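Okay, structure first, notes after.
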Amino acid sequence: MTDPVATPEVDDLARHAQKMAKKKAARDRIMAGKEGEKGLIIVHTGAGKGKSSSGFGMILRCIAHGMPCAVVQFIKGAWDTGERRLITTHFADLCQFHAMGEGFTWETQDKARDIAAARAGWEKAKELIRDPSIRMVLLDEINIALRYDYLDVGEVLAFLKEEKPPLTHVVLTGRNAKEALIEAADLVTEMTLVKHPFRAGIKGQPGVEF
């Protein structure tokens, strides 16, 4: 069989194949150096949408893998969210769901009540994190409680360092994450706001916002 006649298209395909082969070899070398497992401290922050959504995506991955997990909501406790309804209705055997908050601080207008709710949420979170059978704990909107100093970031970080089981993942969401938390985390993602329908007078939509 004769070789195909060289054409620009054939040359382009050959160059692409060589380029991808080099990329695969480089990637394989990188992956060969990665060993072991570790429970990660994961932070989702920033002004853009998607922080809680990404955290719940991770929770659903855990459920799909049959990994016990848990959610503690620090702010949206009064909301009937789609995530809460789905998990409590269909996956309560794998995922505990604790809605501890009473709404955003401008809704309650009661600092003492907000602090008490945040403390109750943190006590529940510690209980769940200490349980080595639970592989991931999502602390939804805890960064807001930390931002307003309803919880002490030093206390939270000390607990995660000293008492979190080695293979437990903890996800902390909410805008304005404290710098100390970002520094201590293994994985940090900042959601950047480019455009949001709220600015155009459109309220939160079911399936998108909650």
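Residue names in the structure tokens use chain letters A, B, ... in the order shown, residue numbers from 1 in each chain, and ligand numbers from 1 in the order shown.
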
Each residue of range 13-91 of chain A with at least one atom at most 6 Å from range 127-149 of chain A should appear once, together with its nearest atom pair and the corresponding distance in Å (one decimal); atoms considered: only C-alpha atoms; ordering: chain, then increasing residue number; output as JSON lines.
```
{"residue": "A:Pro68", "atom": "CA", "partner": "A:Ile134", "partner_atom": "CA", "distance": 4.9}
{"residue": "A:Cys69", "atom": "CA", "partner": "A:Met136", "partner_atom": "CA", "distance": 4.8}
{"residue": "A:Ala70", "atom": "CA", "partner": "A:Val137", "partner_atom": "CA", "distance": 4.8}
{"residue": "A:Val71", "atom": "CA", "partner": "A:Leu138", "partner_atom": "CA", "distance": 4.7}
{"residue": "A:Val72", "atom": "CA", "partner": "A:Leu139", "partner_atom": "CA", "distance": 5.1}
{"residue": "A:Gln73", "atom": "CA", "partner": "A:Asp140", "partner_atom": "CA", "distance": 4.8}
{"residue": "A:Phe74", "atom": "CA", "partner": "A:Glu141", "partner_atom": "CA", "distance": 5.6}
```

Between CA of Thr189 in chain A and CA of Thr173 in chain A, distance in Å (one decimal):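 Atom-to-atom, CA of Thr189 in chain A and CA of Thr173 in chain A are spaced 9.7 Å apart.
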
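Residues of chain A that DSSP, applied to the backbone, places in strand (DSSP E or B): Ile41, Ile42, Val43, His44, Thr45, Cys69, Ala70, Val71, Val72, Gln73, Cys95, Gln96, Phe97, His98, Ala99, Met136, Val137, Leu138, Leu139, Asp140, His169, Val170, Val171, Leu172, Thr173, Leu187, Val188, Thr189 and Glu190 of chain A.
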
Just the selected residues (C-alpha atoms), exported as a PDB file, in the first residue's frame, please.
```
ATOM      1  CA  ILE A  41     -10.372  21.796  52.395  1.00  0.00           C
ATOM      2  CA  ILE A  42     -12.221  23.392  49.470  1.00  0.00           C
ATOM      3  CA  VAL A  43     -13.349  27.025  49.245  1.00  0.00           C
ATOM      4  CA  HIS A  44     -15.823  28.453  46.728  1.00  0.00           C
ATOM      5  CA  THR A  45     -15.951  32.240  46.959  1.00  0.00           C
ATOM      6  CA  CYS A  69     -21.923  13.044  53.022  1.00  0.00           C
ATOM      7  CA  ALA A  70     -23.643  15.924  54.768  1.00  0.00           C
ATOM      8  CA  VAL A  71     -24.792  19.511  54.255  1.00  0.00           C
ATOM      9  CA  VAL A  72     -25.028  22.291  56.817  1.00  0.00           C
ATOM     10  CA  GLN A  73     -26.689  25.473  55.531  1.00  0.00           C
ATOM     11  CA  CYS A  95     -26.653  12.585  52.782  1.00  0.00           C
ATOM     12  CA  GLN A  96     -27.659  14.327  55.986  1.00  0.00           C
ATOM     13  CA  PHE A  97     -29.131  17.785  55.433  1.00  0.00           C
ATOM     14  CA  HIS A  98     -29.220  20.371  58.217  1.00  0.00           C
ATOM     15  CA  ALA A  99     -30.730  23.791  57.470  1.00  0.00           C
ATOM     16  CA  MET A 136     -17.670  15.117  52.555  1.00  0.00           C
ATOM     17  CA  VAL A 137     -19.305  17.938  54.509  1.00  0.00           C
ATOM     18  CA  LEU A 138     -20.612  21.019  52.696  1.00  0.00           C
ATOM     19  CA  LEU A 139     -20.733  24.138  54.866  1.00  0.00           C
ATOM     20  CA  ASP A 140     -22.978  26.232  52.652  1.00  0.00           C
ATOM     21  CA  HIS A 169     -13.411  16.659  52.410  1.00  0.00           C
ATOM     22  CA  VAL A 170     -14.868  19.923  53.735  1.00  0.00           C
ATOM     23  CA  VAL A 171     -16.350  22.475  51.318  1.00  0.00           C
ATOM     24  CA  LEU A 172     -16.893  26.060  52.505  1.00  0.00           C
ATOM     25  CA  THR A 173     -18.933  28.389  50.296  1.00  0.00           C
ATOM     26  CA  LEU A 187      -8.487  24.095  46.599  1.00  0.00           C
ATOM     27  CA  VAL A 188      -9.900  27.590  46.106  1.00  0.00           C
ATOM     28  CA  THR A 189     -12.195  28.709  43.290  1.00  0.00           C
ATOM     29  CA  GLU A 190     -13.305  32.311  42.882  1.00  0.00           C
TER      30      GLU A 190
END
```

DSSP alpha helix (DSSP H) residues within range 2-204 of chain A, listed as a PyMOL selection string: chain A and resi 8-32+51-64+82-90+105-108+111-130+142-147+153-163+179-184

Just to be explicit: take each residue in the selection above, keep C-alpha atoms, and write the result as an mmCIF file, in the first residue's frame.
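As a result, result.cif now contains:
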```cif
data_model
loop_
_atom_site.group_PDB
_atom_site.id
_atom_site.type_symbol
_atom_site.label_atom_id
_atom_site.label_comp_id
_atom_site.auth_asym_id
_atom_site.auth_seq_id
_atom_site.Cartn_x
_atom_site.Cartn_y
_atom_site.Cartn_z
ATOM 1 C CA PRO A 8 -2.043 20.449 3.393
ATOM 2 C CA GLU A 9 -4.921 18.570 5.029
ATOM 3 C CA VAL A 10 -2.841 15.408 5.552
ATOM 4 C CA ASP A 11 0.057 17.464 6.890
ATOM 5 C CA ASP A 12 -2.279 19.255 9.301
ATOM 6 C CA LEU A 13 -3.692 15.947 10.594
ATOM 7 C CA ALA A 14 -0.170 14.571 11.066
ATOM 8 C CA ARG A 15 0.945 17.667 12.987
ATOM 9 C CA HIS A 16 -2.159 17.499 15.167
ATOM 10 C CA ALA A 17 -1.540 13.811 15.958
ATOM 11 C CA GLN A 18 2.082 14.538 16.907
ATOM 12 C CA LYS A 19 1.058 17.483 19.069
ATOM 13 C CA MET A 20 -1.590 15.462 20.918
ATOM 14 C CA ALA A 21 0.858 12.558 21.399
ATOM 15 C CA LYS A 22 3.330 14.933 23.061
ATOM 16 C CA LYS A 23 0.584 16.371 25.276
ATOM 17 C CA LYS A 24 -0.537 12.895 26.323
ATOM 18 C CA ALA A 25 3.030 11.871 27.152
ATOM 19 C CA ALA A 26 3.503 15.009 29.249
ATOM 20 C CA ARG A 27 0.195 14.466 31.014
ATOM 21 C CA ASP A 28 1.026 10.822 31.716
ATOM 22 C CA ARG A 29 4.320 11.895 33.306
ATOM 23 C CA ILE A 30 2.486 14.373 35.529
ATOM 24 C CA MET A 31 -0.125 11.804 36.604
ATOM 25 C CA ALA A 32 2.557 9.205 37.337
ATOM 26 C CA LYS A 51 -20.602 28.856 44.736
ATOM 27 C CA SER A 52 -23.324 26.810 46.414
ATOM 28 C CA SER A 53 -24.268 25.170 43.108
ATOM 29 C CA SER A 54 -20.724 23.868 42.708
ATOM 30 C CA GLY A 55 -20.700 22.609 46.283
ATOM 31 C CA PHE A 56 -23.947 20.733 45.748
ATOM 32 C CA GLY A 57 -22.524 19.308 42.530
ATOM 33 C CA MET A 58 -19.749 17.764 44.612
ATOM 34 C CA ILE A 59 -22.301 16.409 47.080
ATOM 35 C CA LEU A 60 -24.193 14.733 44.221
ATOM 36 C CA ARG A 61 -20.933 13.195 43.004
ATOM 37 C CA CYS A 62 -20.419 11.719 46.468
ATOM 38 C CA ILE A 63 -23.954 10.343 46.424
ATOM 39 C CA ALA A 64 -23.332 8.813 42.982
ATOM 40 C CA GLY A 82 -34.323 22.454 44.965
ATOM 41 C CA GLU A 83 -31.131 20.951 46.388
ATOM 42 C CA ARG A 84 -32.703 20.486 49.802
ATOM 43 C CA ARG A 85 -35.859 18.941 48.361
ATOM 44 C CA LEU A 86 -33.932 16.533 46.122
ATOM 45 C CA ILE A 87 -31.531 15.341 48.810
ATOM 46 C CA THR A 88 -34.027 14.962 51.650
ATOM 47 C CA THR A 89 -36.594 13.249 49.415
ATOM 48 C CA HIS A 90 -34.375 10.835 47.501
ATOM 49 C CA THR A 105 -28.649 39.024 58.227
ATOM 50 C CA TRP A 106 -30.603 41.925 56.689
ATOM 51 C CA GLU A 107 -33.741 39.780 56.863
ATOM 52 C CA THR A 108 -33.513 38.767 60.523
ATOM 53 C CA LYS A 111 -27.466 40.086 65.393
ATOM 54 C CA ALA A 112 -27.757 37.966 68.533
ATOM 55 C CA ARG A 113 -30.139 35.611 66.757
ATOM 56 C CA ASP A 114 -27.827 35.387 63.734
ATOM 57 C CA ILE A 115 -24.830 34.607 65.941
ATOM 58 C CA ALA A 116 -26.795 31.927 67.787
ATOM 59 C CA ALA A 117 -27.857 30.322 64.494
ATOM 60 C CA ALA A 118 -24.275 30.397 63.213
ATOM 61 C CA ARG A 119 -22.969 28.817 66.408
ATOM 62 C CA ALA A 120 -25.607 26.088 66.245
ATOM 63 C CA GLY A 121 -24.646 25.419 62.633
ATOM 64 C CA TRP A 122 -20.961 25.205 63.525
ATOM 65 C CA GLU A 123 -21.615 22.806 66.401
ATOM 66 C CA LYS A 124 -23.561 20.542 64.021
ATOM 67 C CA ALA A 125 -20.777 20.875 61.432
ATOM 68 C CA LYS A 126 -18.134 19.781 63.951
ATOM 69 C CA GLU A 127 -20.211 16.753 64.889
ATOM 70 C CA LEU A 128 -20.518 15.711 61.242
ATOM 71 C CA ILE A 129 -16.872 16.379 60.359
ATOM 72 C CA ARG A 130 -15.660 14.329 63.320
ATOM 73 C CA ILE A 142 -20.360 29.676 56.129
ATOM 74 C CA ASN A 143 -18.134 32.383 54.642
ATOM 75 C CA ILE A 144 -20.893 34.914 55.282
ATOM 76 C CA ALA A 145 -20.994 33.951 58.974
ATOM 77 C CA LEU A 146 -17.194 34.257 59.070
ATOM 78 C CA ARG A 147 -17.265 37.613 57.251
ATOM 79 C CA VAL A 153 -12.084 31.972 61.535
ATOM 80 C CA GLY A 154 -9.187 30.975 63.821
ATOM 81 C CA GLU A 155 -11.431 28.550 65.686
ATOM 82 C CA VAL A 156 -12.732 27.054 62.427
ATOM 83 C CA LEU A 157 -9.245 26.594 60.981
ATOM 84 C CA ALA A 158 -7.862 25.121 64.207
ATOM 85 C CA PHE A 159 -10.669 22.567 64.265
ATOM 86 C CA LEU A 160 -10.138 21.599 60.620
ATOM 87 C CA LYS A 161 -6.415 21.200 61.220
ATOM 88 C CA GLU A 162 -6.652 19.250 64.465
ATOM 89 C CA GLU A 163 -9.863 17.238 64.275
ATOM 90 C CA GLU A 179 -7.729 35.456 53.656
ATOM 91 C CA ALA A 180 -6.652 33.025 56.381
ATOM 92 C CA LEU A 181 -9.158 30.472 55.081
ATOM 93 C CA ILE A 182 -7.952 30.895 51.511
ATOM 94 C CA GLU A 183 -4.368 30.416 52.661
ATOM 95 C CA ALA A 184 -5.202 27.229 54.580
#
```

Neighbour list for Leu193 in chain A as a count of residues only, cut-off 7 Å, only C-alpha atoms, skip fewer than 6 positions in-chain: 3

For CA of Lys76 in chain A and CA of Asn176 in chain A, the interatomic separation in Å (one decimal):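 About the pair CA of Lys76 in chain A and CA of Asn176 in chain A: they are 16.9 Å apart.
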
Counting only C-alpha atoms, the option among A:Asp110, A:Gln205, A:Met100, A:Lys178 closest to Asp152 in chain A: A:Lys178

Straight-line distance linking CA of Thr168 in chain A with CA of Gly36 in chain A, stated in Å to one decimal: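 CA of Gly36 in chain A lies at a distance of 13.8 Å from CA of Thr168 in chain A.
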